[in-house]
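Pasting upload-v5.txt here (compact mmCIF, C-alpha atoms):
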# COMPACT_ATOMS: atom_id res chain seq x y z
CA MET A 830 0.00 0.00 0.00
CA THR A 831 2.77 2.41 0.98
CA GLY A 832 4.56 1.78 -2.28
CA GLU A 833 1.41 2.43 -4.26
CA ILE A 834 0.71 5.74 -2.50
CA ASP A 835 4.34 6.79 -2.83
CA GLY A 836 4.24 6.02 -6.54
CA ARG A 837 1.15 8.15 -7.03
CA ILE A 838 2.65 10.98 -4.97
CA VAL A 839 5.85 10.90 -7.01
CA GLU A 840 3.87 11.05 -10.26
CA TYR A 841 1.98 14.07 -8.94
CA MET A 842 5.23 15.77 -7.95
CA LYS A 843 6.89 15.26 -11.33
CA PRO A 844 5.55 18.45 -12.97
CA LEU A 845 7.43 20.47 -10.38
CA PHE A 846 10.33 18.23 -9.46
CA GLY A 847 10.93 16.29 -12.65
CA GLU A 848 13.47 13.52 -12.14
CA PHE A 849 14.04 14.73 -8.58
CA ALA A 850 10.50 13.84 -7.52
CA GLY A 851 11.50 10.53 -5.92
CA ASN A 852 14.40 12.13 -4.06
CA ALA A 853 12.20 14.99 -2.93
CA LEU A 854 9.66 12.57 -1.49
CA GLN A 855 12.31 10.59 0.39
CA GLN A 856 13.85 13.79 1.71
CA GLN A 857 10.51 15.00 3.03
CA LYS A 858 9.73 11.60 4.55
CA ALA A 859 13.01 11.72 6.45
CA LYS A 860 12.39 15.31 7.48
CA VAL A 861 8.92 14.56 8.84
CA GLY A 862 10.04 11.26 10.35
CA ILE A 863 7.89 8.81 8.44
CA GLY A 864 8.54 5.19 9.36
CA ASP A 865 7.98 1.94 7.47
CA GLN A 866 4.29 1.69 8.35
CA PRO A 867 2.97 5.22 7.88
CA THR A 868 -0.56 6.04 8.95
CA ARG A 869 -2.92 8.36 7.14
CA ALA A 870 -2.01 11.06 9.67
CA ASP A 871 1.65 10.56 8.78
CA TYR A 872 0.85 11.03 5.12
CA MET A 873 -1.12 14.18 5.86
CA ARG A 874 1.91 15.58 7.68
CA LEU A 875 4.04 14.54 4.72
CA VAL A 876 1.91 16.34 2.13
CA GLU A 877 1.93 19.46 4.30
CA SER A 878 5.71 19.32 4.21
CA ILE A 879 5.73 18.73 0.46
CA ARG A 880 3.47 21.74 0.03
CA SER A 881 6.10 23.95 1.61
CA MET A 882 8.75 22.55 -0.72
CA CYS A 883 6.47 23.10 -3.72
CA ALA A 884 6.03 26.72 -2.71
CA ASP A 885 9.79 27.22 -2.84
CA VAL A 886 9.94 25.76 -6.33
CA ALA A 887 6.78 27.15 -7.90
CA GLY A 888 5.09 29.64 -5.58
CA ASP A 889 2.07 29.38 -3.29
CA ILE A 890 -0.66 29.11 -5.89
CA VAL A 891 0.85 26.16 -7.74
CA ALA A 892 1.82 24.60 -4.40
CA ALA A 893 -1.80 24.79 -3.25
CA LYS A 894 -2.89 22.98 -6.40
CA VAL A 895 -0.33 20.21 -5.92
CA TYR A 896 -1.28 19.97 -2.25
CA ALA A 897 -4.94 19.49 -3.13
CA GLY A 898 -4.02 16.69 -5.51
CA LEU A 899 -1.82 15.01 -2.92
CA VAL A 900 -4.52 15.20 -0.25
CA THR A 901 -6.92 13.53 -2.67
CA ILE A 902 -4.39 10.74 -3.27
CA VAL A 903 -3.99 10.15 0.48
CA ARG A 904 -7.75 10.21 1.10
CA GLU A 905 -8.44 7.80 -1.75
CA ALA A 906 -5.81 5.43 -0.41
CA ALA A 907 -7.17 5.47 3.12
CA MET B 607 1.38 46.63 -15.16
CA PRO B 608 -0.04 46.11 -18.64
CA GLU B 609 -3.80 46.21 -18.59
CA LEU B 610 -6.30 44.06 -20.36
CA VAL B 611 -6.81 45.78 -23.68
CA GLN B 612 -9.26 45.18 -26.44
CA ALA B 613 -7.68 42.46 -28.51
CA THR B 614 -7.53 43.04 -32.19
CA ALA B 615 -8.37 40.00 -34.28
CA THR B 616 -5.95 37.23 -33.40
CA ALA B 617 -4.74 35.35 -36.42
CA PRO B 618 -5.74 31.69 -36.16
CA GLY B 619 -2.88 29.34 -35.42
CA ARG B 620 -0.70 32.17 -34.12
CA ILE B 621 0.68 33.09 -30.72
CA ARG B 622 0.68 36.86 -30.40
CA THR B 623 3.67 38.36 -28.64
CA TRP B 624 1.57 41.33 -27.50
CA VAL B 625 4.63 43.49 -28.13
CA THR B 626 2.97 46.56 -29.57
CA ASN B 627 3.52 46.84 -33.35
CA LEU B 628 5.48 43.58 -33.57
CA ASP B 629 2.80 41.02 -34.40
CA GLU B 630 1.73 43.08 -37.39
CA THR B 631 5.18 42.50 -38.89
CA MET B 632 4.80 38.69 -38.84
CA GLU B 633 1.30 37.79 -39.97
CA GLY B 634 -0.16 38.28 -36.51
CA GLY B 635 2.27 36.29 -34.39
CA ILE B 636 4.36 33.18 -33.97
CA PRO B 637 2.97 29.95 -35.46
CA LYS B 638 1.63 27.72 -32.68
CA GLY B 639 3.88 24.80 -31.87
CA SER B 640 7.05 26.62 -32.93
CA VAL B 641 10.34 26.34 -31.10
CA VAL B 642 11.73 29.88 -30.90
CA LEU B 643 15.13 31.10 -29.78
CA VAL B 644 15.13 34.39 -27.91
CA CYS B 645 18.71 35.56 -28.31
CA GLY B 646 20.83 38.40 -27.11
CA ARG B 647 23.79 39.48 -25.07
CA PRO B 648 23.58 39.77 -21.29
CA GLY B 649 21.24 42.55 -20.21
CA SER B 650 19.22 42.60 -23.42
CA LEU B 651 15.94 41.61 -21.67
CA LYS B 652 15.68 38.12 -23.16
CA SER B 653 14.12 36.64 -20.03
CA SER B 654 11.86 39.64 -19.55
CA LEU B 655 10.59 39.52 -23.12
CA THR B 656 9.98 35.78 -22.93
CA TYR B 657 8.07 36.05 -19.68
CA TYR B 658 6.17 39.09 -20.98
CA ILE B 659 4.88 37.13 -23.98
CA MET B 660 3.71 34.31 -21.70
CA TYR B 661 2.22 36.73 -19.19
CA MET B 662 0.30 38.61 -21.85
CA GLN B 663 -0.88 35.38 -23.42
CA ALA B 664 -2.34 34.42 -20.04
CA LEU B 665 -3.81 37.85 -19.41
CA GLN B 666 -5.26 38.48 -22.85
CA GLU B 667 -5.97 35.02 -24.22
CA GLY B 668 -6.09 32.75 -21.17
CA ARG B 669 -3.21 30.52 -22.24
CA ARG B 670 -1.35 28.67 -19.50
CA SER B 671 2.45 28.50 -19.52
CA ILE B 672 5.41 27.25 -17.56
CA TYR B 673 8.68 29.10 -17.29
CA LEU B 674 11.60 26.88 -16.26
CA THR B 675 14.43 28.85 -14.73
CA LEU B 676 17.64 26.88 -14.43
CA GLU B 677 19.96 29.44 -12.87
CA GLN B 678 18.12 32.45 -11.52
CA SER B 679 16.11 31.73 -8.38
CA ARG B 680 12.37 32.24 -8.41
CA PRO B 681 12.40 35.11 -5.85
CA SER B 682 15.16 36.89 -7.75
CA PHE B 683 13.33 36.54 -11.07
CA ALA B 684 10.05 37.66 -9.48
CA ARG B 685 11.72 40.79 -8.11
CA HIS B 686 13.14 41.53 -11.54
CA LEU B 687 9.73 41.13 -13.15
CA ALA B 688 8.16 43.42 -10.58
CA HIS B 689 10.51 46.15 -11.79
CA ILE B 690 8.92 46.01 -15.22
CA GLY B 691 5.41 45.95 -13.79
CA LEU B 692 4.68 42.22 -13.98
CA ASN B 693 3.42 40.33 -10.95
CA PRO B 694 4.14 36.62 -11.22
CA GLU B 695 2.49 35.91 -7.86
CA ALA B 696 -0.89 37.07 -9.11
CA SER B 697 -1.90 33.76 -10.65
CA ASP B 698 -0.64 30.36 -11.67
CA GLU B 699 -1.40 30.94 -15.34
CA VAL B 700 2.32 31.40 -15.87
CA ALA B 701 4.00 29.05 -13.42
CA ILE B 702 7.65 29.82 -12.76
CA LEU B 703 9.41 26.58 -11.86
CA ASP B 704 12.67 27.17 -10.04
CA LEU B 705 14.96 24.35 -11.10
CA SER B 706 17.93 26.20 -9.61
CA THR B 707 16.53 25.40 -6.16
CA LEU B 708 16.27 21.73 -7.07
CA ARG B 709 19.84 21.78 -8.36
CA LYS B 710 21.06 23.31 -5.12
CA THR B 711 19.09 20.86 -3.01
CA PHE B 712 19.77 17.65 -4.88
CA GLY B 713 22.86 18.36 -6.97
CA ASP B 714 23.34 18.70 -10.71
CA ALA B 715 23.97 15.02 -11.33
CA GLY B 716 20.36 14.11 -10.63
CA PRO B 717 18.94 11.15 -8.75
CA LYS B 718 20.83 8.52 -10.70
CA GLY B 719 24.03 10.47 -11.00
CA ASP B 720 23.89 10.67 -14.76
CA THR B 721 20.76 12.62 -15.58
CA ASN B 722 20.28 13.48 -19.23
CA TRP B 723 19.10 17.03 -18.69
CA LEU B 724 17.89 17.50 -22.24
CA ASN B 725 15.46 14.60 -21.81
CA ALA B 726 14.68 15.55 -18.21
CA ILE B 727 13.50 19.01 -19.23
CA ILE B 728 11.26 17.60 -21.94
CA GLY B 729 9.90 15.01 -19.51
CA GLN B 730 9.13 17.59 -16.88
CA ALA B 731 7.34 19.86 -19.33
CA ALA B 732 5.33 16.87 -20.56
CA SER B 733 4.37 15.99 -16.96
CA TYR B 734 3.26 19.53 -16.27
CA LYS B 735 1.21 19.71 -19.45
CA GLN B 736 -0.46 16.40 -18.70
CA LEU B 737 -1.37 17.22 -15.10
CA PHE B 738 -2.05 20.94 -15.12
CA GLY B 739 -2.18 21.89 -18.78
CA CYS B 740 -0.03 24.42 -20.61
CA GLU B 741 0.32 25.71 -24.14
CA ILE B 742 3.61 27.59 -23.86
CA VAL B 743 6.94 26.57 -22.31
CA GLY B 744 9.88 28.86 -21.62
CA ILE B 745 13.33 27.50 -20.82
CA ASP B 746 15.87 29.90 -19.33
CA SER B 747 18.54 29.41 -20.37
CA MET B 748 20.23 27.28 -23.00
CA SER B 749 23.61 28.20 -21.51
CA ALA B 750 22.54 26.84 -18.14
CA LEU B 751 21.19 23.70 -19.75
CA TYR B 752 24.48 23.22 -21.59
CA SER B 753 26.39 23.52 -18.35
CA LEU B 754 24.41 20.54 -17.03
CA HIS B 755 24.49 18.29 -20.07
CA GLU B 756 27.64 16.57 -21.25
CA PHE B 757 27.48 16.53 -25.01
CA GLN B 758 29.05 13.72 -27.00
CA ASN B 759 27.66 14.86 -30.33
CA PRO B 760 26.04 18.29 -29.94
CA ARG B 761 24.54 18.48 -33.39
CA ARG B 762 22.83 15.11 -33.10
CA GLU B 763 21.73 15.57 -29.49
CA LEU B 764 20.37 19.04 -30.16
CA PHE B 765 18.45 17.73 -33.18
CA HIS B 766 16.72 15.21 -30.92
CA PHE B 767 16.20 17.84 -28.22
CA PHE B 768 14.42 20.18 -30.62
CA GLU B 769 12.38 17.32 -32.04
CA GLY B 770 11.48 16.28 -28.49
CA LEU B 771 10.30 19.80 -27.76
CA ARG B 772 8.11 19.71 -30.86
CA THR B 773 6.46 16.50 -29.73
CA LEU B 774 5.18 18.34 -26.64
CA GLY B 775 2.63 20.07 -28.85
CA VAL B 776 3.26 23.46 -27.26
CA THR B 777 5.01 26.66 -28.32
CA VAL B 778 8.51 26.80 -26.84
CA PHE B 779 10.76 29.76 -26.12
CA LEU B 780 14.45 29.04 -25.51
CA VAL B 781 16.43 31.87 -23.96
CA SER B 782 19.87 31.89 -25.54
CA GLU B 783 22.87 33.98 -24.60
CA MET B 784 25.11 35.37 -27.32
CA TYR B 785 28.77 35.66 -26.43
CA ASP B 786 30.60 37.31 -29.31
CA PRO B 787 29.47 40.90 -29.79
CA SER B 788 31.06 41.05 -33.22
CA LYS B 789 29.21 38.09 -34.70
CA ASP B 790 25.61 37.03 -35.10
CA ILE B 791 26.07 33.61 -33.51
CA PHE B 792 22.75 32.97 -31.86
CA ALA B 793 23.70 30.05 -29.63
CA ARG B 794 26.75 28.13 -28.54
CA TYR B 795 26.84 25.30 -31.06
CA GLU B 796 25.78 27.41 -34.04
CA VAL B 797 23.17 24.88 -35.12
CA GLU B 798 20.37 25.94 -32.81
CA ASP B 799 19.14 28.66 -35.17
CA PHE B 800 18.91 26.11 -37.98
CA LEU B 801 16.99 23.71 -35.76
CA ALA B 802 14.65 26.36 -34.34
CA ASP B 803 11.52 27.47 -36.15
CA GLY B 804 12.05 31.05 -35.14
CA VAL B 805 14.74 33.42 -33.89
CA LEU B 806 14.01 36.66 -32.06
CA HIS B 807 17.14 38.75 -31.61
CA LEU B 808 17.51 41.45 -29.01
CA LYS B 809 20.38 43.69 -29.93
CA VAL B 810 21.98 46.29 -27.69
CA ASP B 811 23.56 49.18 -29.55
CA ARG B 812 26.00 51.09 -27.40
CA ASN B 813 27.05 54.47 -28.77
CA ASN B 814 28.43 57.59 -27.13
CA GLY B 815 27.64 56.30 -23.67
CA GLN B 816 24.06 55.44 -24.61
CA SER B 817 22.49 52.00 -24.88
CA ASN B 818 19.61 51.43 -27.23
CA LEU B 819 17.73 48.19 -27.54
CA TYR B 820 16.49 46.75 -30.82
CA LEU B 821 14.36 43.74 -31.63
CA GLY B 822 14.57 41.83 -34.88
CA ILE B 823 12.90 38.74 -36.26
CA VAL B 824 15.79 36.87 -37.80
CA LYS B 825 13.73 33.83 -38.72
CA MET B 826 10.14 32.65 -38.44
CA ARG B 827 9.09 29.60 -40.38
CA GLU B 828 5.74 29.61 -42.19
CA THR B 829 5.68 33.37 -41.86
CA ARG B 830 6.29 36.39 -44.03
CA HIS B 831 8.05 38.76 -41.69
CA SER B 832 10.02 41.95 -41.61
CA ARG B 833 13.78 41.53 -41.34
CA ASP B 834 14.27 44.99 -39.92
CA TYR B 835 15.51 45.71 -36.43
CA PHE B 836 13.05 47.91 -34.57
CA PRO B 837 13.81 50.13 -31.57
CA LEU B 838 12.37 48.45 -28.49
CA ILE B 839 10.76 50.45 -25.69
CA VAL B 840 9.98 48.90 -22.32
CA ASP B 841 7.96 50.89 -19.83
CA ALA B 842 5.03 50.57 -17.44
CA SER B 843 2.65 49.91 -20.31
CA GLY B 844 4.67 46.98 -21.60
CA PHE B 845 6.93 46.22 -24.55
CA GLU B 846 6.67 48.16 -27.77
CA VAL B 847 8.65 48.30 -30.99
CA VAL B 848 8.78 51.51 -32.97
CA PRO B 849 7.97 50.91 -36.63
CA HIS B 850 10.08 52.64 -39.25
Encoded form using structure tokens:
Amino acid sequence: MTGEIDGRIVEYMKPLFGEFAGNALQQQKAKVGIGDQPTRADYMRLVESIRSMCADVAGDIVAAKVYAGLVTIVREAA
Amino acid sequence: MPELVQATATAPGRIRTWVTNLDETMEGGIPKGSVVLVCGRPGSLKSSLTYYIMYMQALQEGRRSIYLTLEQSRPSFARHLAHIGLNPEASDEVAILDLSTLRKTFGDAGPKGDTNWLNAIIGQAASYKQLFGCEIVGIDSMSALYSLHEFQNPRRELFHFFEGLRTLGVTVFLVSEMYDPSKDIFARYEVEDFLADGVLHLKVDRNNGQSNLYLGIVKMRETRHSRDYFPLIVDASGFEVVPH
């Protein structure tokens, strides 16, 4: 399940992070302290963190759009 | 900031530059789907002109764009744009993607240590188009891209790069720095202007302590266009060329 969600998150991050999307996800997971068996709450904390990173790369408006997509992915997976 | 103005009839299949008096000299604009070099020496407003075209396309015609900046940070570019009256924070119609931040965070080699940046840029633009939609892509700059990509056979690799850009089905602007002030060499490998569909040249004429800026259409495929260089004025109302 985790792998499937991660894969969908990486795909959604690719427009902003390109080939770095996978690295960006792993970096944020480490930063937030996500373990091997993340809960939905963990993923919500993760997408909040990714939102901040997106804002650095593409500004707040685009970051909000990516965030909304990521939240949908997490909710659908729950 | 340029205001929404009454659009004159937009030629079908064309991307207007919205540079006052320029589109009239090339059948109403740049053919959609073209790959266009925006060339000039440092300080000739290449980035500003490229962003301005995308900004005005969003404002006047509702077209979405992405502007990929490889060297200048997003905050720095936004501050620069604010000086010419453009506010990139106002909407996401023209998304500025700061790849310089990614480079600083993750390194130039990429996740696998041997990233092909030419393909990576095309892939990223394709991802953005698929997920969020866009009709115009700006890449700033070719020099920065070249510093990341190790060429084995520039002519062949650039051919495939330009063809890859065309497969995106969008109009592409490539910001290209010119190095030799005495020659009209529009990009480093001297094949880019052959591969491109169009070349816009910003020329700075320095005389008697004064700098004047000129804009010329060196090349535009499928278009009858003027080959003159026109004085370029940039002020609060936008970009304007002065017809002869």
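Here the question is which of A:Leu854, A:Gly862, A:Ala870, A:Asp889 gets nearest to A:Met842 using all atoms listed in the file, and that residue is A:Leu854.
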List the neighbours of B:His850 out to 9 Å using all atoms listed in the file; skip same-chain residues closer than 2 positions along the sequence, and give me the result as an MDAnalysis selection string. chainID B and resid 834 836:837 848
For B:Glu769, please output as a PyMOL selection string all residues within 10 Å (counting only C-alpha atoms; exclusion window: fewer than 4 positions along the same chain). chain B and resi 641+763-765+773-774+801-802
Take the residues from that selection and write them out as a JSON list (two decimals), in the coordinates of the input, keeping C-alpha atoms.
[["chain", "number", "residue", "atom", "x", "y", "z"],
["B", 641, "VAL", "CA", 10.34, 26.34, -31.10],
["B", 763, "GLU", "CA", 21.73, 15.57, -29.49],
["B", 764, "LEU", "CA", 20.37, 19.04, -30.16],
["B", 765, "PHE", "CA", 18.45, 17.73, -33.18],
["B", 773, "THR", "CA", 6.46, 16.50, -29.73],
["B", 774, "LEU", "CA", 5.18, 18.34, -26.64],
["B", 801, "LEU", "CA", 16.99, 23.71, -35.76],
["B", 802, "ALA", "CA", 14.65, 26.36, -34.34]]
For chain A against chain B, which residues fall within 7 Å using all atoms listed in the file, given as a ChimeraX atom specification? /A:843-845,847-849,852,886-887,890-891
Keeping only C-alpha atoms, write the selected residues to a file as a PDB file, in the coordinates of the input.
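Just written: result.pdb:
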ATOM      1  CA  LYS A 843       6.890  15.260 -11.330  1.00  0.00           C
ATOM      2  CA  PRO A 844       5.550  18.450 -12.970  1.00  0.00           C
ATOM      3  CA  LEU A 845       7.430  20.470 -10.380  1.00  0.00           C
ATOM      4  CA  GLY A 847      10.930  16.290 -12.650  1.00  0.00           C
ATOM      5  CA  GLU A 848      13.470  13.520 -12.140  1.00  0.00           C
ATOM      6  CA  PHE A 849      14.040  14.730  -8.580  1.00  0.00           C
ATOM      7  CA  ASN A 852      14.400  12.130  -4.060  1.00  0.00           C
ATOM      8  CA  VAL A 886       9.940  25.760  -6.330  1.00  0.00           C
ATOM      9  CA  ALA A 887       6.780  27.150  -7.900  1.00  0.00           C
ATOM     10  CA  ILE A 890      -0.660  29.110  -5.890  1.00  0.00           C
ATOM     11  CA  VAL A 891       0.850  26.160  -7.740  1.00  0.00           C
TER      12      VAL A 891
END
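Atom CA of B:Asp803 lies 9.4 Å from atom CA of B:Ile636.
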Contacts of A:Val839 at 9 Å or less, counting all atoms listed in the file, minus same-chain residues fewer than 3 places along, as a JSON list (two decimals) with C-alpha atoms, keeping the file's coordinate frame?
[["chain", "number", "residue", "atom", "x", "y", "z"],
["A", 834, "ILE", "CA", 0.71, 5.74, -2.50],
["A", 835, "ASP", "CA", 4.34, 6.79, -2.83],
["A", 836, "GLY", "CA", 4.24, 6.02, -6.54],
["A", 842, "MET", "CA", 5.23, 15.77, -7.95],
["A", 843, "LYS", "CA", 6.89, 15.26, -11.33],
["A", 846, "PHE", "CA", 10.33, 18.23, -9.46],
["A", 850, "ALA", "CA", 10.50, 13.84, -7.52],
["A", 851, "GLY", "CA", 11.50, 10.53, -5.92],
["A", 853, "ALA", "CA", 12.20, 14.99, -2.93],
["A", 854, "LEU", "CA", 9.66, 12.57, -1.49]]
